[in-house]
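Enquirer: See protein.cif below, with mmCIF, C-alpha atoms.
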data_query
#
loop_
_atom_site.label_atom_id
_atom_site.label_comp_id
_atom_site.auth_asym_id
_atom_site.auth_seq_id
_atom_site.Cartn_x
_atom_site.Cartn_y
_atom_site.Cartn_z
CA MET A 296 -110.51 -12.64 80.57
CA TYR A 297 -113.84 -13.49 78.93
CA LEU A 298 -115.85 -16.66 78.38
CA VAL A 299 -118.28 -16.53 75.44
CA THR A 300 -121.04 -19.09 74.73
CA PHE A 301 -122.73 -19.71 71.39
CA HIS A 302 -125.90 -21.03 69.77
CA THR A 303 -123.95 -23.02 67.13
CA ASN A 304 -120.47 -24.51 66.66
CA PHE A 305 -120.14 -22.45 63.46
CA ASP A 306 -120.49 -19.23 65.50
CA ALA A 307 -117.93 -20.51 68.03
CA ASN A 308 -115.41 -21.33 65.29
CA LEU A 309 -115.86 -17.95 63.59
CA PHE A 310 -115.49 -16.06 66.88
CA SER A 311 -112.41 -18.09 67.84
CA ARG A 312 -110.63 -17.41 64.52
CA LYS A 313 -111.25 -13.66 64.74
CA ALA A 314 -110.38 -13.52 68.46
CA LYS A 315 -106.97 -15.17 67.90
CA ALA A 316 -105.98 -12.15 65.79
CA LEU A 317 -106.81 -9.84 68.74
CA GLY A 318 -105.41 -11.80 71.69
CA LYS A 319 -105.39 -15.32 73.09
CA ALA A 320 -108.44 -17.49 72.38
CA GLN A 321 -109.17 -21.14 73.06
CA MET A 322 -112.28 -23.22 72.39
CA LYS A 323 -113.41 -25.33 75.37
CA PRO A 324 -116.49 -27.16 76.68
CA VAL A 325 -118.90 -24.88 78.53
CA PRO A 326 -118.53 -25.12 82.34
CA ARG A 327 -121.35 -27.04 84.07
CA GLN A 328 -122.68 -24.01 85.96
CA LEU A 329 -123.30 -22.20 82.65
CA SER A 330 -125.53 -23.40 79.83
CA SER A 331 -125.07 -23.17 76.09
CA SER A 332 -126.95 -24.35 73.04
CA CYS A 333 -123.94 -25.94 71.36
CA GLY A 334 -121.85 -26.88 74.44
CA THR A 335 -118.77 -25.02 73.16
CA CYS A 336 -117.35 -21.77 74.49
CA VAL A 337 -114.37 -19.55 73.71
CA VAL A 338 -112.12 -18.28 76.49
CA PHE A 339 -110.60 -15.01 75.31
CA GLN A 340 -107.87 -12.77 76.74
CA PRO A 341 -107.63 -9.46 74.83
CA ALA A 342 -104.10 -8.40 73.85
CA ASP A 343 -104.86 -4.75 74.66
CA GLY A 344 -105.83 -4.71 78.34
CA ASP A 345 -109.11 -6.10 79.59
CA GLN A 346 -111.57 -4.46 77.16
CA MET A 347 -113.47 -6.69 74.69
CA PRO A 348 -112.72 -5.43 71.15
CA GLY A 349 -115.82 -3.96 69.50
CA GLU A 350 -115.37 -6.07 66.37
CA LEU A 351 -115.85 -9.23 68.47
CA SER A 352 -118.91 -7.85 70.24
CA SER A 353 -120.60 -7.46 66.87
CA LEU A 354 -120.23 -11.19 66.06
CA SER A 355 -122.97 -13.73 66.79
CA PHE A 356 -122.84 -15.23 70.29
CA GLU A 357 -125.22 -16.35 73.04
CA LYS A 358 -123.75 -14.86 76.26
CA MET A 359 -120.51 -13.15 77.22
CA TYR A 360 -119.07 -13.45 80.73
CA ARG A 361 -116.16 -11.71 82.42
CA MET A 362 -114.15 -14.32 84.30
CA ASN A 363 -112.77 -13.61 87.76
CA GLY A 364 -111.12 -16.78 88.98
CA SER A 365 -113.92 -19.36 89.12
CA GLU A 366 -116.69 -16.71 89.11
CA TYR A 367 -118.57 -15.57 86.00
CA GLU A 368 -120.25 -12.17 85.58
CA MET A 369 -122.51 -11.88 82.53
CA VAL A 370 -121.66 -8.68 80.63
CA ALA A 371 -123.65 -9.20 77.40
CA GLU A 372 -126.41 -11.37 75.98
CA LYS A 373 -127.73 -11.67 72.43
CA GLU A 374 -130.84 -13.39 71.22
#
The structure given in the file should be rewritten as structure tokens.

Expert:
Amino acid sequence: MYLVTFHTNFDANLFSRKAKALGKAQMKPVPRQLSSSCGTCVVFQPADGDQMPGELSSLSFEKMYRMNGSEYEMVAEKE
């Protein structure tokens, strides 16, 4: 499962719409221990295993974390 943060709410909405076609996606507030420009994140569970689809990785986002229970491991960051 992944948690993705964003610079803007527009980016979060776009990512969420595309992610729902590729698995389960839900927009949520960013957890306190993580920071985000817009305060919104998307929690995403890919339908095909645990690999983030390449088409989502190409979208605009701030940071991407792999979730393991209540722990977060950053796997990607964009500027």

Enquirer: I'd like the neighbourhood of Met347 in chain A as a PDB file with C-alpha atoms, keeping the file's coordinate frame, where a residue qualifies if any of its atoms comes within 12 Å (using all atoms listed in the file), though same-chain residues fewer than 4 positions away should be ignored.

Expert:
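Now in out_12.pdb:
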ATOM      1  CA  MET A 296    -110.510 -12.640  80.570  1.00  0.00           C
ATOM      2  CA  TYR A 297    -113.840 -13.490  78.930  1.00  0.00           C
ATOM      3  CA  LEU A 298    -115.850 -16.660  78.380  1.00  0.00           C
ATOM      4  CA  VAL A 299    -118.280 -16.530  75.440  1.00  0.00           C
ATOM      5  CA  ALA A 314    -110.380 -13.520  68.460  1.00  0.00           C
ATOM      6  CA  LEU A 317    -106.810  -9.840  68.740  1.00  0.00           C
ATOM      7  CA  GLY A 318    -105.410 -11.800  71.690  1.00  0.00           C
ATOM      8  CA  LYS A 319    -105.390 -15.320  73.090  1.00  0.00           C
ATOM      9  CA  VAL A 338    -112.120 -18.280  76.490  1.00  0.00           C
ATOM     10  CA  PHE A 339    -110.600 -15.010  75.310  1.00  0.00           C
ATOM     11  CA  GLN A 340    -107.870 -12.770  76.740  1.00  0.00           C
ATOM     12  CA  PRO A 341    -107.630  -9.460  74.830  1.00  0.00           C
ATOM     13  CA  ALA A 342    -104.100  -8.400  73.850  1.00  0.00           C
ATOM     14  CA  ASP A 343    -104.860  -4.750  74.660  1.00  0.00           C
ATOM     15  CA  LEU A 351    -115.850  -9.230  68.470  1.00  0.00           C
ATOM     16  CA  SER A 352    -118.910  -7.850  70.240  1.00  0.00           C
ATOM     17  CA  SER A 353    -120.600  -7.460  66.870  1.00  0.00           C
ATOM     18  CA  LEU A 354    -120.230 -11.190  66.060  1.00  0.00           C
ATOM     19  CA  MET A 359    -120.510 -13.150  77.220  1.00  0.00           C
ATOM     20  CA  TYR A 360    -119.070 -13.450  80.730  1.00  0.00           C
ATOM     21  CA  ARG A 361    -116.160 -11.710  82.420  1.00  0.00           C
ATOM     22  CA  VAL A 370    -121.660  -8.680  80.630  1.00  0.00           C
ATOM     23  CA  ALA A 371    -123.650  -9.200  77.400  1.00  0.00           C
TER      24      ALA A 371
END

Enquirer: Do you know which residues the PyMOL selection byres ((chain A and resi 307) around 12) returns on this file, as an MDAnalysis selection string?

Expert: chainID A and resid 298:306 308:314 320:325 331:339 351 354:358

Enquirer: For Ala316 in chain A, which residue among A:Glu372, A:Asp345, A:Glu366, A:Glu350 is the nearest when counting all atoms listed in the file?

Expert: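 Ranking A:Glu372, A:Asp345, A:Glu366, A:Glu350 by distance to Ala316 in chain A, first place goes to A:Glu350.
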
Enquirer: Centre and edge lengths of an axis-aligned box around all listed atoms of range 316-330 of chain A, with 3 Å added on each side, are to be given in Å to one decimal, as JSON.

Expert:
{"center_x": -115.5, "center_y": -18.5, "center_z": 75.9, "size_x": 26.1, "size_y": 23.3, "size_z": 26.2}
